[in-house]
Structure formats: C-alpha cells, structure tokens
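File shown: entry.json. Contents: JSON, C-alpha atoms.
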```json
[["chain", "number", "residue", "atom", "x", "y", "z"],
["A", 848, "MET", "CA", 23.98, 15.16, 24.98],
["A", 849, "ALA", "CA", 22.60, 17.43, 27.67],
["A", 850, "GLU", "CA", 20.10, 16.22, 30.24],
["A", 851, "ARG", "CA", 16.62, 16.16, 28.81],
["A", 852, "HIS", "CA", 13.50, 17.39, 30.53],
["A", 853, "PRO", "CA", 11.78, 14.44, 32.28],
["A", 854, "LEU", "CA", 8.67, 15.06, 30.17],
["A", 855, "PHE", "CA", 10.56, 15.02, 26.85],
["A", 856, "MET", "CA", 10.00, 11.33, 26.08],
["A", 857, "PRO", "CA", 6.40, 11.25, 27.38],
["A", 858, "LEU", "CA", 5.60, 14.25, 25.17],
["A", 859, "VAL", "CA", 7.14, 12.60, 22.10],
["A", 860, "LEU", "CA", 5.11, 9.47, 22.87],
["A", 861, "VAL", "CA", 1.86, 11.45, 23.19],
["A", 862, "GLY", "CA", 2.61, 13.29, 19.94],
["A", 863, "GLY", "CA", 3.23, 9.93, 18.24],
["A", 864, "LEU", "CA", -0.01, 8.49, 19.66],
["A", 865, "ILE", "CA", -2.10, 11.36, 18.25],
["A", 866, "PHE", "CA", -0.20, 11.19, 14.94],
["A", 867, "GLY", "CA", -0.76, 7.44, 14.63],
["A", 868, "PHE", "CA", -4.42, 7.65, 15.68],
["A", 869, "GLY", "CA", -4.91, 10.30, 12.99],
["A", 870, "LEU", "CA", -3.34, 8.07, 10.33],
["A", 871, "GLY", "CA", -5.69, 5.27, 11.36],
["A", 872, "PHE", "CA", -8.77, 7.53, 11.47],
["A", 873, "SER", "CA", -7.99, 9.01, 8.04],
["A", 874, "HIS", "CA", -7.46, 5.51, 6.55],
["A", 875, "MET", "CA", -3.99, 6.53, 5.39],
["A", 876, "ALA", "CA", -2.78, 3.43, 7.24],
["A", 877, "ARG", "CA", -4.52, 1.50, 4.45],
["A", 878, "PRO", "CA", -2.36, 1.42, 1.30],
["A", 879, "ASP", "CA", -5.50, 0.44, -0.64],
["A", 880, "VAL", "CA", -7.04, 3.85, 0.13],
["A", 881, "VAL", "CA", -3.84, 5.69, -0.85],
["A", 882, "LEU", "CA", -3.84, 3.80, -4.17],
["A", 883, "ASP", "CA", -7.51, 4.77, -4.66],
["A", 884, "PHE", "CA", -6.39, 8.39, -4.38],
["A", 885, "LEU", "CA", -3.51, 7.98, -6.83],
["A", 886, "GLN", "CA", -5.89, 6.27, -9.28],
["A", 887, "PHE", "CA", -8.36, 9.19, -8.94],
["A", 888, "GLU", "CA", -11.07, 7.09, -7.29],
["A", 889, "ASP", "CA", -11.20, 8.96, -3.96],
["A", 890, "PHE", "CA", -9.60, 12.38, -3.50],
["A", 891, "GLY", "CA", -9.87, 12.38, 0.30],
["A", 892, "LEU", "CA", -6.09, 12.25, 0.80],
["A", 893, "VAL", "CA", -5.88, 15.90, -0.24],
["A", 894, "PHE", "CA", -7.80, 16.79, 2.92],
["A", 895, "VAL", "CA", -5.42, 14.78, 5.11],
["A", 896, "MET", "CA", -2.35, 16.58, 3.83],
["A", 897, "PHE", "CA", -4.11, 19.94, 3.76],
["A", 898, "GLY", "CA", -5.61, 19.50, 7.26],
["A", 899, "GLY", "CA", -2.30, 18.42, 8.71],
["A", 900, "SER", "CA", -0.16, 21.08, 7.08],
["A", 901, "ALA", "CA", -2.68, 23.86, 7.82],
["A", 902, "LEU", "CA", -2.71, 23.07, 11.54],
["A", 903, "VAL", "CA", 1.07, 22.79, 11.57],
["A", 904, "GLY", "CA", 1.36, 26.05, 9.61],
["A", 905, "VAL", "CA", -0.74, 27.92, 12.20],
["A", 906, "THR", "CA", 1.33, 26.36, 15.01],
["A", 907, "TYR", "CA", 4.62, 27.35, 13.36],
["A", 908, "PHE", "CA", 3.30, 30.89, 12.91],
["A", 909, "LEU", "CA", 1.90, 31.38, 16.42],
["A", 910, "ALA", "CA", 4.34, 29.45, 18.62],
["A", 911, "PRO", "CA", 7.34, 31.82, 18.35],
["A", 912, "ARG", "CA", 5.05, 34.84, 18.73],
["A", 913, "LEU", "CA", 3.02, 33.60, 21.71],
["A", 914, "LEU", "CA", 5.48, 31.34, 23.54],
["A", 915, "GLY", "CA", 8.90, 32.60, 22.47],
["A", 916, "ARG", "CA", 10.71, 29.34, 23.14],
["A", 917, "ALA", "CA", 9.85, 25.64, 23.27],
["A", 918, "LEU", "CA", 8.15, 24.78, 26.57],
["A", 919, "LEU", "CA", 10.31, 21.81, 27.64],
["A", 920, "THR", "CA", 13.65, 22.40, 25.98],
["A", 921, "GLY", "CA", 13.83, 26.19, 25.71],
["A", 922, "ASP", "CA", 14.95, 25.75, 22.09],
["A", 923, "THR", "CA", 14.07, 28.34, 19.48],
["A", 924, "PHE", "CA", 11.09, 27.69, 17.22],
["A", 925, "ASP", "CA", 12.43, 27.21, 13.71],
["A", 926, "ARG", "CA", 10.42, 26.38, 10.63],
["A", 927, "ARG", "CA", 11.29, 23.19, 8.76],
["A", 928, "LEU", "CA", 13.35, 24.56, 5.89],
["A", 929, "LYS", "CA", 15.59, 22.25, 3.86],
["A", 930, "SER", "CA", 18.03, 23.43, 1.21],
["A", 931, "PHE", "CA", 17.02, 22.81, -2.37],
["A", 932, "ASP", "CA", 19.22, 20.84, -4.74],
["A", 933, "ARG", "CA", 18.67, 18.22, -7.40],
["A", 934, "ASN", "CA", 18.51, 15.48, -4.75],
["A", 935, "VAL", "CA", 15.07, 16.81, -3.81],
["A", 936, "LEU", "CA", 13.91, 16.05, -7.37],
["A", 937, "ILE", "CA", 15.76, 12.74, -7.73],
["A", 938, "GLY", "CA", 14.74, 11.49, -4.29],
["A", 939, "GLY", "CA", 11.20, 12.79, -4.73],
["A", 940, "GLY", "CA", 10.97, 10.91, -8.03],
["A", 941, "ILE", "CA", 12.23, 7.66, -6.51],
["A", 942, "PHE", "CA", 9.88, 8.11, -3.54],
["A", 943, "GLY", "CA", 7.03, 8.69, -5.99],
["A", 944, "VAL", "CA", 7.70, 5.42, -7.82],
["A", 945, "GLY", "CA", 7.64, 3.56, -4.50],
["A", 946, "TRP", "CA", 4.57, 5.37, -3.19],
["A", 947, "GLY", "CA", 2.71, 4.80, -6.46],
["A", 948, "LEU", "CA", 3.64, 1.12, -6.60],
["A", 949, "SER", "CA", 2.81, 0.28, -2.99],
["A", 950, "GLY", "CA", 0.56, 3.01, -1.59],
["A", 951, "ILE", "CA", 2.72, 3.21, 1.52],
["A", 952, "CYS", "CA", 4.88, 5.93, 3.04],
["A", 953, "PRO", "CA", 6.92, 5.71, 6.25],
["A", 954, "GLY", "CA", 4.52, 7.12, 8.87],
["A", 955, "ALA", "CA", 1.51, 5.37, 7.37],
["A", 956, "ALA", "CA", 3.42, 2.07, 7.28],
["A", 957, "TYR", "CA", 4.13, 2.21, 11.04],
["A", 958, "ALA", "CA", 0.47, 3.05, 11.66],
["A", 959, "SER", "CA", -0.61, 0.23, 9.35],
["A", 960, "LEU", "CA", 1.14, -2.23, 11.64],
["A", 961, "GLY", "CA", -0.86, -0.75, 14.53],
["A", 962, "VAL", "CA", -4.23, -1.37, 12.85],
["A", 963, "GLY", "CA", -3.31, -5.03, 12.45],
["A", 964, "ASN", "CA", -1.83, -5.12, 8.96],
["A", 965, "VAL", "CA", 0.93, -7.70, 9.42],
["A", 966, "THR", "CA", 1.42, -7.83, 5.64],
["A", 967, "ILE", "CA", 2.89, -4.31, 5.89],
["A", 968, "LEU", "CA", 6.06, -5.86, 7.38],
["A", 969, "TRP", "CA", 7.08, -6.47, 3.74],
["A", 970, "ALA", "CA", 6.98, -2.72, 3.17],
["A", 971, "ILE", "CA", 8.78, -1.89, 6.42],
["A", 972, "ALA", "CA", 11.52, -4.39, 5.54],
["A", 973, "GLY", "CA", 11.73, -2.82, 2.08],
["A", 974, "MET", "CA", 12.02, 0.71, 3.51],
["A", 975, "PHE", "CA", 14.83, -0.31, 5.86],
["A", 976, "ALA", "CA", 16.61, -2.03, 2.96],
["A", 977, "GLY", "CA", 16.22, 1.08, 0.78],
["A", 978, "ALA", "CA", 17.38, 3.43, 3.53],
["A", 979, "TYR", "CA", 20.38, 1.16, 4.14],
["A", 980, "LEU", "CA", 21.28, 1.00, 0.43],
["A", 981, "GLN", "CA", 21.32, 4.78, -0.02],
["A", 982, "GLY", "CA", 23.23, 5.23, 3.24],
["A", 983, "TYR", "CA", 25.79, 2.66, 2.11],
["A", 984, "TRP", "CA", 26.23, 4.38, -1.25],
["A", 985, "ARG", "CA", 26.41, 7.89, 0.21],
["A", 986, "SER", "CA", 28.66, 7.28, 3.24],
["B", 153, "MET", "CA", -23.19, 24.75, 0.89],
["B", 154, "VAL", "CA", -23.55, 22.51, -2.13],
["B", 155, "THR", "CA", -27.19, 21.70, -2.63],
["B", 156, "ASP", "CA", -27.97, 21.29, -6.32],
["B", 157, "PRO", "CA", -28.09, 17.65, -7.51],
["B", 158, "LEU", "CA", -25.28, 18.00, -10.06],
["B", 159, "SER", "CA", -22.77, 19.32, -7.51],
["B", 160, "LEU", "CA", -23.82, 16.68, -4.99],
["B", 161, "GLN", "CA", -23.25, 13.98, -7.60],
["B", 162, "LEU", "CA", -19.80, 15.41, -8.38],
["B", 163, "ALA", "CA", -18.88, 15.49, -4.67],
["B", 164, "ALA", "CA", -20.03, 11.87, -4.32],
["B", 165, "ASP", "CA", -17.86, 10.89, -7.30],
["B", 166, "LEU", "CA", -14.75, 12.66, -6.03],
["B", 167, "PHE", "CA", -15.25, 11.72, -2.38],
["B", 168, "PRO", "CA", -17.14, 8.40, -2.22],
["B", 169, "ASN", "CA", -16.24, 8.10, 1.48],
["B", 170, "GLY", "CA", -16.96, 11.73, 2.34],
["B", 171, "ILE", "CA", -14.29, 14.12, 3.52],
["B", 172, "SER", "CA", -14.72, 14.21, 7.30],
["B", 173, "ARG", "CA", -12.60, 11.17, 8.18],
["B", 174, "TYR", "CA", -9.81, 12.55, 6.01],
["B", 175, "ALA", "CA", -9.98, 16.10, 7.31],
["B", 176, "VAL", "CA", -10.30, 15.07, 10.98],
["B", 177, "GLY", "CA", -7.52, 12.48, 10.62],
["B", 178, "GLY", "CA", -5.29, 15.04, 8.91],
["B", 179, "LEU", "CA", -5.89, 17.56, 11.68],
["B", 180, "LEU", "CA", -4.93, 14.90, 14.26],
["B", 181, "VAL", "CA", -1.72, 14.13, 12.34],
["B", 182, "GLY", "CA", -0.97, 17.85, 12.42],
["B", 183, "LEU", "CA", -1.86, 18.03, 16.12],
["B", 184, "GLY", "CA", 0.63, 15.24, 16.90],
["B", 185, "VAL", "CA", 3.35, 17.22, 15.13],
["B", 186, "ALA", "CA", 2.26, 20.45, 16.87],
["B", 187, "VAL", "CA", 2.36, 18.90, 20.36],
["B", 188, "ILE", "CA", 5.97, 17.80, 19.87],
["B", 189, "TYR", "CA", 6.90, 21.12, 18.29],
["B", 190, "LEU", "CA", 5.44, 23.23, 21.11],
["B", 191, "GLY", "CA", 7.35, 21.27, 23.72],
["B", 192, "THR", "CA", 10.64, 20.77, 21.95],
["B", 193, "GLY", "CA", 10.89, 22.93, 18.82],
["B", 194, "ILE", "CA", 11.44, 19.71, 16.84],
["B", 195, "SER", "CA", 9.66, 19.17, 13.50],
["B", 196, "ALA", "CA", 9.04, 15.44, 13.75],
["B", 197, "GLY", "CA", 9.02, 13.56, 10.46],
["B", 198, "ALA", "CA", 8.56, 9.82, 10.17],
["B", 199, "SER", "CA", 11.31, 8.70, 7.81],
["B", 200, "THR", "CA", 14.50, 9.75, 9.62],
["B", 201, "PHE", "CA", 13.65, 6.88, 11.99],
["B", 202, "LEU", "CA", 14.80, 4.46, 9.29],
["B", 203, "GLU", "CA", 18.33, 5.84, 9.19],
["B", 204, "SER", "CA", 18.58, 6.74, 12.87],
["B", 205, "THR", "CA", 17.62, 3.18, 13.83],
["B", 206, "LEU", "CA", 20.17, 1.76, 11.37],
["B", 207, "SER", "CA", 22.83, 3.63, 13.38],
["B", 208, "TYR", "CA", 22.44, 0.92, 16.05],
["B", 209, "VAL", "CA", 23.69, -1.73, 13.64],
["B", 210, "SER", "CA", 25.87, 0.12, 11.11],
["B", 211, "GLU", "CA", 28.90, 2.37, 11.59],
["B", 212, "LYS", "CA", 28.30, 4.18, 8.27],
["B", 213, "SER", "CA", 28.57, 7.96, 8.64],
["B", 214, "ARG", "CA", 25.16, 8.49, 6.96],
["B", 215, "PHE", "CA", 23.51, 6.71, 9.89],
["B", 216, "GLN", "CA", 25.83, 7.80, 12.70],
["B", 217, "ARG", "CA", 24.87, 11.46, 12.16],
["B", 218, "TYR", "CA", 21.48, 10.61, 13.69],
["B", 219, "VAL", "CA", 22.78, 9.03, 16.89],
["B", 220, "SER", "CA", 21.65, 11.91, 19.11],
["B", 221, "SER", "CA", 18.02, 11.63, 18.03],
["B", 222, "ARG", "CA", 17.71, 7.88, 17.57],
["B", 223, "ASP", "CA", 16.20, 7.15, 21.00],
["B", 224, "TRP", "CA", 13.30, 9.59, 20.80],
["B", 225, "ARG", "CA", 12.63, 8.63, 17.17],
["B", 226, "ILE", "CA", 12.00, 5.06, 18.34],
["B", 227, "VAL", "CA", 9.59, 6.39, 20.97],
["B", 228, "PHE", "CA", 7.84, 8.52, 18.33],
["B", 229, "THR", "CA", 7.46, 5.51, 16.01],
["B", 230, "LEU", "CA", 6.19, 3.28, 18.84],
["B", 231, "GLY", "CA", 3.69, 6.05, 19.59],
["B", 232, "ILE", "CA", 2.48, 5.96, 15.97],
["B", 233, "VAL", "CA", 2.01, 2.17, 16.10],
["B", 234, "LEU", "CA", 0.20, 2.36, 19.47],
["B", 235, "GLY", "CA", -1.94, 5.33, 18.41],
["B", 236, "ALA", "CA", -3.09, 3.38, 15.36],
["B", 237, "ALA", "CA", -3.77, 0.38, 17.61],
["B", 238, "ILE", "CA", -5.97, 2.58, 19.83],
["B", 239, "PHE", "CA", -7.84, 3.60, 16.67],
["B", 240, "ALA", "CA", -8.24, -0.11, 15.85],
["B", 241, "ALA", "CA", -9.58, -0.89, 19.34],
["B", 242, "THR", "CA", -12.11, 1.96, 19.19],
["B", 243, "PHE", "CA", -13.42, 3.18, 15.83],
["B", 244, "GLN", "CA", -12.23, 0.25, 13.70],
["B", 245, "SER", "CA", -13.80, -2.18, 16.17],
["B", 246, "GLY", "CA", -17.05, -0.19, 16.23],
["B", 247, "VAL", "CA", -16.81, 0.33, 20.01],
["B", 248, "VAL", "CA", -16.82, 4.07, 19.38],
["B", 249, "SER", "CA", -18.57, 5.72, 16.46],
["B", 250, "SER", "CA", -19.04, 9.24, 15.20],
["B", 251, "SER", "CA", -20.82, 10.98, 12.34],
["B", 252, "LEU", "CA", -17.35, 12.20, 11.37],
["B", 253, "TYR", "CA", -16.05, 8.67, 10.90],
["B", 254, "GLN", "CA", -16.97, 6.61, 7.86],
["B", 255, "PRO", "CA", -15.82, 2.96, 7.97],
["B", 256, "GLY", "CA", -14.18, 1.70, 4.79],
["B", 257, "THR", "CA", -14.69, -1.27, 2.51],
["B", 258, "THR", "CA", -11.04, -1.88, 1.56],
["B", 259, "GLY", "CA", -8.94, -4.85, 2.66],
["B", 260, "GLN", "CA", -9.93, -7.62, 5.07],
["B", 261, "LEU", "CA", -11.13, -7.37, 8.66],
["B", 262, "TYR", "CA", -10.35, -10.04, 11.25],
["B", 263, "GLU", "CA", -10.86, -10.37, 14.99],
["B", 264, "VAL", "CA", -8.29, -10.97, 17.71],
["B", 265, "GLY", "CA", -9.45, -10.90, 21.34],
["B", 266, "GLY", "CA", -12.47, -8.72, 20.60],
["B", 267, "VAL", "CA", -10.46, -6.15, 18.63],
["B", 268, "THR", "CA", -11.22, -5.76, 14.93],
["B", 269, "LEU", "CA", -7.96, -5.70, 13.00],
["B", 270, "TRP", "CA", -7.38, -5.05, 9.32],
["B", 271, "THR", "CA", -5.07, -6.30, 6.58],
["B", 272, "THR", "CA", -4.42, -5.03, 3.10],
["B", 273, "ASP", "CA", -5.30, -6.67, -0.20],
["B", 274, "VAL", "CA", -2.27, -5.05, -1.85],
["B", 275, "GLN", "CA", 0.13, -7.78, -2.97],
["B", 276, "PRO", "CA", 3.27, -8.33, -0.86],
["B", 277, "TRP", "CA", 5.68, -7.86, -3.81],
["B", 278, "ARG", "CA", 4.27, -4.39, -4.40],
["B", 279, "LEU", "CA", 4.78, -3.53, -0.72],
["B", 280, "LEU", "CA", 8.33, -4.89, -0.67],
["B", 281, "VAL", "CA", 9.56, -3.37, -3.94],
["B", 282, "GLY", "CA", 7.67, -0.12, -3.32],
["B", 283, "GLY", "CA", 9.13, -0.02, 0.18],
["B", 284, "VAL", "CA", 12.68, -0.21, -1.17],
["B", 285, "PHE", "CA", 12.01, 2.76, -3.50],
["B", 286, "VAL", "CA", 10.32, 4.68, -0.67],
["B", 287, "GLY", "CA", 13.28, 4.01, 1.64],
["B", 288, "ILE", "CA", 15.82, 5.24, -0.89],
["B", 289, "GLY", "CA", 13.74, 8.15, -2.16],
["B", 290, "THR", "CA", 12.70, 9.63, 1.17],
["B", 291, "ARG", "CA", 16.29, 9.80, 2.42],
["B", 292, "VAL", "CA", 17.81, 11.11, -0.83],
["B", 293, "GLY", "CA", 14.94, 13.56, -1.28],
["B", 294, "LYS", "CA", 15.20, 14.92, 2.30],
["B", 295, "GLY", "CA", 11.71, 14.01, 3.43],
["B", 296, "CYS", "CA", 8.52, 12.01, 3.07],
["B", 297, "THR", "CA", 4.81, 12.71, 3.23],
["B", 298, "SER", "CA", 5.09, 13.85, 6.86],
["B", 299, "GLY", "CA", 8.41, 15.71, 6.75],
["B", 300, "HIS", "CA", 7.84, 17.45, 3.42],
["B", 301, "GLY", "CA", 4.07, 17.02, 3.12],
["B", 302, "VAL", "CA", 2.97, 18.16, 6.59],
["B", 303, "CYS", "CA", 5.90, 19.90, 8.35],
["B", 304, "GLY", "CA", 7.53, 21.36, 5.24],
["B", 305, "VAL", "CA", 4.34, 22.54, 3.55],
["B", 306, "GLY", "CA", 3.22, 23.92, 6.94],
["B", 307, "SER", "CA", 6.49, 25.88, 6.99],
["B", 308, "ALA", "CA", 5.73, 27.22, 3.47],
["B", 309, "SER", "CA", 9.11, 25.74, 2.48],
["B", 310, "LYS", "CA", 9.67, 25.99, -1.28],
["B", 311, "THR", "CA", 11.91, 22.92, -1.17],
["B", 312, "SER", "CA", 9.16, 20.86, 0.46],
["B", 313, "ILE", "CA", 6.45, 22.12, -1.88],
["B", 314, "ILE", "CA", 8.61, 21.15, -4.87],
["B", 315, "GLY", "CA", 9.37, 17.79, -3.21],
["B", 316, "VAL", "CA", 5.66, 17.08, -2.64],
["B", 317, "LEU", "CA", 4.67, 18.08, -6.18],
["B", 318, "THR", "CA", 7.44, 15.84, -7.55],
["B", 319, "PHE", "CA", 6.55, 12.69, -5.62],
["B", 320, "LEU", "CA", 2.82, 13.28, -6.04],
["B", 321, "ALA", "CA", 3.10, 13.57, -9.84],
["B", 322, "VAL", "CA", 5.40, 10.55, -10.15],
["B", 323, "ALA", "CA", 3.23, 8.47, -7.79],
["B", 324, "ILE", "CA", 0.06, 9.24, -9.76],
["B", 325, "VAL", "CA", 1.73, 8.24, -13.05],
["B", 326, "THR", "CA", 3.18, 5.08, -11.46],
["B", 327, "ALA", "CA", -0.09, 3.97, -9.85],
["B", 328, "GLN", "CA", -2.06, 4.59, -13.05],
["B", 329, "LEU", "CA", 0.52, 2.68, -15.12],
["B", 330, "VAL", "CA", 0.50, -0.26, -12.73],
["B", 331, "ALA", "CA", -3.30, -0.32, -12.80],
["B", 332, "ALA", "CA", -3.31, -0.06, -16.61],
["B", 333, "LEU", "CA", -1.02, -3.09, -16.75],
["B", 334, "GLY", "CA", -3.78, -5.01, -15.00],
["B", 335, "VAL", "CA", -2.11, -5.34, -11.60],
["B", 336, "SER", "CA", -4.84, -5.27, -8.94],
["B", 337, "PRO", "CA", -4.80, -4.79, -6.09]]
```

As structure tokens, how would this structure be written, given the file I've shared?
Amino acid sequence: MAERHPLFMPLVLVGGLIFGFGLGFSHMARPDVVLDFLQFEDFGLVFVMFGGSALVGVTYFLAPRLLGRALLTGDTFDRRLKSFDRNVLIGGGIFGVGWGLSGICPGAAYASLGVGNVTILWAIAGMFAGAYLQGYWRS
Amino acid sequence: MVTDPLSLQLAADLFPNGISRYAVGGLLVGLGVAVIYLGTGISAGASTFLESTLSYVSEKSRFQRYVSSRDWRIVFTLGIVLGAAIFAATFQSGVVSSSLYQPGTTGQLYEVGGVTLWTTDVQPWRLLVGGVFVGIGTRVGKGCTSGHGVCGVGSASKTSIIGVLTFLAVAIVTAQLVAALGVSP
C-alpha cells in the first residue's frame, strides 16, 4: 500500500467523531428509539436518514465539479454504486429481521457504546459472530 | 407552517419528540461521511469494519480482501465511539443544551464521574440474536443503514434504494410481530 497523506488518519478520526456525535444527538444510538420508529410510535428516524443522505447527495454532486479530486489522496470522486443481485434482497431481508428484533445497526451500535450502553456489547458480539458466519460460509 | 390545531395534533402524534434532534443528528452523520469523502474519495460505511477487523484473526478470503482498509476502519469506528461519548459528556449530561435538542425518556440514565451515561431497556437476548442477523445480513446484502441508507441513497444508487426498502419493510414487520407477541422492551 502506498504512503498515505499524514492527515489521512486524523481526517478519518474527525469524520468518525462527527458521525458518532450525530448518532448520539439523533438518539439513533438508543435501540429503544429505533424500535419506537419501527412500531410507528415516533417517525423521527426518517429525518435522520433523509438529513444524512441529502447532505451526502449534495456533497457527491458538488465535490467532483468543484474540487476535481479528493483533497488528501488525489483519488477520483466516485459515487457509492453497488451491483444489484438477489443477495441485496436476501441480505436486506436478514438485516431487516435483525434490525427489527434488536433496534440496532452497526454504526449505531458503536455509538451506543460511546453513550454508555454497556449492554450493547451483546449486539456487537452478535454482529461479529454473524459477520464471521457468513464469511466462513462464503469463503 | 402548520398552525391549525388538527395538523399540530397530527405532528405531535407522529413526532412526539419533535424533529429537530433527528434532522440535526442526521445532518451531522452526513457531515461525517462528507468530511471523509472530500479528503479521500472514500464512502465510509460502518459495517465493513466487522469483516475487515476479522481479517486480523481469520485467514478466510472473505475477510482478507479487506486487509488494506482495516486500519483506518478501526480509526473510523473508534471515532464513532468517541464522538458519541462527547455527545454523552455534553448534551446527554445537560452541560450543553439547545432548543434543537430534546432529551429522551427511553432507557436508564446513570452517572460516572460527573458524566451522564445511558443504557437500554431492550433485553440482551434481543440484542444478541438481532446482532447475529444484522451481522450476516449487512455483509450478504452489501451494506447497512449507513452504507446503503446514507451513502448509497445519497448516490441515488438503485441497488441501495432497493436494499433500504427491503430491510425497512422487513424490520417494520418484525418489530410489530415481536411487539404483538408481547415482548417488551
């Protein structure tokens, strides 16, 4: 791997800090609030996903036009496009069962640990076990 | 602006905690992604960390493909934990307040060294079993709520939009079923 810019890791850390602070502020780090959304008791989560994706959408649109290339790495700005196949449906369905049962998703689970929720370690252990199982089957 | 009583009542029913904490938090999540993207061109999602970190302990090819990104993914995840901890030390602890932030009533608060921390009421078995499904599903389905939900939808990716609609629909049915079976919280 080529030498990285000295600010690469600090930038990733700052991005993670803002991301995690946002998950705390929006209460997405609380599985109870996510379950309230899924049970139609509080629709606020829609604004989290919409707010996040809208800002990212504007960034993805403007960055290649205004900056040309990424500031630290000089890499091209690509959108996040994944190929579609039935795994997207199967995996999405399995993810949905887990999300609906627990109210947790990966980023929110890490943030949940940060707000003091030690109980979330059950979920983090579960996610690692699940990721390992599918990797074992698919390798 | 919504001013008539009926609309106000509807808004209060749909959004009992208002919308500002959700919208502001969502924008910050997006800003975190944008900062990394502007500097590196990388669309940072949260769930690849699970597999990339497993590459330290397993030689399986599924995990080894992420070796080149596994170091920064750990830094990103540590950032998420620390960022949430900063939220806990400020807004959650009441040291900082804002009209845009509405404290919640869920879970349990406790104090450690002057910082107000929070734990969930959701039962551990739900977190563990749900976590296993989330871990399998996010990797098979090529993304989670941040990869598909924020980065993918922000890219207007059809794959991601289908992925989000799929897991959203299944999660709603699952959560409603579990609640109907009397499991709470």

Counting all atoms listed in the file, write as a PDB file with C-alpha atoms, keeping the file's coordinate frame all protein and nucleic acid residues lying at most 10 Å from (-13.1, -7.0, 22.0) in the file's frame.
```
ATOM      1  CA  ALA B 241      -9.580  -0.890  19.340  1.00  0.00           C
ATOM      2  CA  THR B 242     -12.110   1.960  19.190  1.00  0.00           C
ATOM      3  CA  SER B 245     -13.800  -2.180  16.170  1.00  0.00           C
ATOM      4  CA  GLY B 246     -17.050  -0.190  16.230  1.00  0.00           C
ATOM      5  CA  VAL B 247     -16.810   0.330  20.010  1.00  0.00           C
ATOM      6  CA  GLU B 263     -10.860 -10.370  14.990  1.00  0.00           C
ATOM      7  CA  VAL B 264      -8.290 -10.970  17.710  1.00  0.00           C
ATOM      8  CA  GLY B 265      -9.450 -10.900  21.340  1.00  0.00           C
ATOM      9  CA  GLY B 266     -12.470  -8.720  20.600  1.00  0.00           C
ATOM     10  CA  VAL B 267     -10.460  -6.150  18.630  1.00  0.00           C
ATOM     11  CA  THR B 268     -11.220  -5.760  14.930  1.00  0.00           C
TER      12      THR B 268
END
```

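Note that atom CA of Asn169 of chain B and atom CA of Val335 of chain B are 23.5 Å apart.
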
Surrounding residues of Val227 of chain B excluding itself and chain neighbours under 5 positions, 12 Å, only C-alpha atoms, as a list of chain:residue names: A:Phe855, A:Met856, A:Pro857, A:Leu858, A:Val859, A:Leu860, A:Val861, A:Gly862, A:Gly863, A:Leu864, B:Ala196, B:Ala198, B:Phe201, B:Thr205, B:Ser221, B:Arg222, B:Ile232, B:Val233, B:Leu234, B:Gly235

In Å and to one decimal, atom CA of Val185 of chain B is distant from atom CA of Arg912 of chain A by 18.1 Å

Practice task
Write out as a PyMOL selection string which residues come within 12 Å of Ile951 of chain A when counting all atoms listed in the file, dropping same-chain ones fewer than 5 positions away.
Solution key: (chain A and resi 870+874-882+885+942-946+956-960+966-971+973-974) or (chain B and resi 199+272+274+276+278-287+290+296-297+323+327)

Using all atoms of segment 314-327 of chain B listed in the file and a margin of 6 Å per side, can you give the axis-aligned box centre and edge lengths in Å to one decimal, as AutoDock Vina command-line options?
```
--center_x 4.6 --center_y 12.6 --center_z -7.8 --size_x 21.5 --size_y 29.2 --size_z 22.4
```

Selection as a count of residues only: residues within 10 Å of (6.2, 19.0, 14.7), counting only C-alpha atoms: 31

Atom CA of Gly961 of chain A to atom CA of Ala236 of chain B measures 4.8 Å

>> Neighbouring residues of Ala164 of chain B were defined as those with any atom within 12 Å, considering all atoms listed in the file; residues of the same chain fewer than 6 positions away were excluded. Please report them as number ranges by chain.
In response: A: 888-891; B: 154, 157-158, 170-171

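Each of B:Ala308, B:Ala332, B:Val209, B:Leu180 was compared to Leu902 of chain A using all atoms listed in the file, and B:Leu180 turns out to be the nearest.
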
Query raised in the report: Hey, what's within 7 Å of Leu892 of chain A if we count only C-alpha atoms and toss same-chain stuff fewer than 4 positions away? As a ChimeraX atom specification, please?
Result: /A:884,896 /B:174

Restricting it to C-alpha atoms, dump the selection as a PDB file, in the frame of the given file.
```pdb
ATOM      1  CA  PHE A 884      -6.390   8.390  -4.380  1.00  0.00           C
ATOM      2  CA  MET A 896      -2.350  16.580   3.830  1.00  0.00           C
TER       3      MET A 896
ATOM      4  CA  TYR B 174      -9.810  12.550   6.010  1.00  0.00           C
TER       5      TYR B 174
END
```

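Between Ala972 of chain A and the residues A:Gly921, A:Gly869, A:Gly898, A:Pro953, the shortest atom-to-atom distance, using only C-alpha atoms, involves A:Pro953.
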
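For the choices A:Arg985, A:His852, A:Lys929, A:Arg916, the atom-to-atom distance to His300 of chain B is smallest for A:Lys929 when using all atoms listed in the file.
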
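Counting only C-alpha atoms and comparing A:Pro911, A:Gly939, A:Gly982, A:Gly963, the residue that lies closest to Thr200 of chain B is A:Gly982.
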
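Among the candidates B:Phe319, B:Trp277, B:Ser210, B:Ser220, the residue lying nearest to chain A is B:Phe319 (atoms considered: all atoms listed in the file).
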
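Minimum distance to chain B across A:Gly867, A:Asp932, A:Tyr983, A:Asp925 (counting all atoms listed in the file) occurs at A:Gly867.
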
With C-alpha atoms retained, output segment 239-262 of chain B as a PDB file, in the first residue's frame.
```pdb
ATOM      1  CA  PHE B 239     -22.295  13.780  22.992  1.00  0.00           C
ATOM      2  CA  ALA B 240     -22.777  11.972  26.324  1.00  0.00           C
ATOM      3  CA  ALA B 241     -20.435  14.380  28.135  1.00  0.00           C
ATOM      4  CA  THR B 242     -22.203  17.445  26.708  1.00  0.00           C
ATOM      5  CA  PHE B 243     -25.866  17.237  25.687  1.00  0.00           C
ATOM      6  CA  GLN B 244     -26.710  13.947  27.432  1.00  0.00           C
ATOM      7  CA  SER B 245     -25.166  15.265  30.657  1.00  0.00           C
ATOM      8  CA  GLY B 246     -27.038  18.570  30.334  1.00  0.00           C
ATOM      9  CA  VAL B 247     -23.772  20.559  30.338  1.00  0.00           C
ATOM     10  CA  VAL B 248     -24.745  21.934  26.942  1.00  0.00           C
ATOM     11  CA  SER B 249     -28.314  22.466  25.804  1.00  0.00           C
ATOM     12  CA  SER B 250     -30.027  23.757  22.705  1.00  0.00           C
ATOM     13  CA  SER B 251     -33.568  24.383  21.517  1.00  0.00           C
ATOM     14  CA  LEU B 252     -32.718  21.902  18.758  1.00  0.00           C
ATOM     15  CA  TYR B 253     -32.037  19.112  21.245  1.00  0.00           C
ATOM     16  CA  GLN B 254     -34.855  17.301  23.007  1.00  0.00           C
ATOM     17  CA  PRO B 255     -33.741  14.864  25.742  1.00  0.00           C
ATOM     18  CA  GLY B 256     -35.438  11.475  25.650  1.00  0.00           C
ATOM     19  CA  THR B 257     -37.288   9.338  28.160  1.00  0.00           C
ATOM     20  CA  THR B 258     -36.113   5.909  26.944  1.00  0.00           C
ATOM     21  CA  GLY B 259     -33.751   3.591  28.814  1.00  0.00           C
ATOM     22  CA  GLN B 260     -31.910   4.297  32.067  1.00  0.00           C
ATOM     23  CA  LEU B 261     -29.529   7.128  32.920  1.00  0.00           C
ATOM     24  CA  TYR B 262     -26.626   6.671  35.331  1.00  0.00           C
TER      25      TYR B 262
END
```
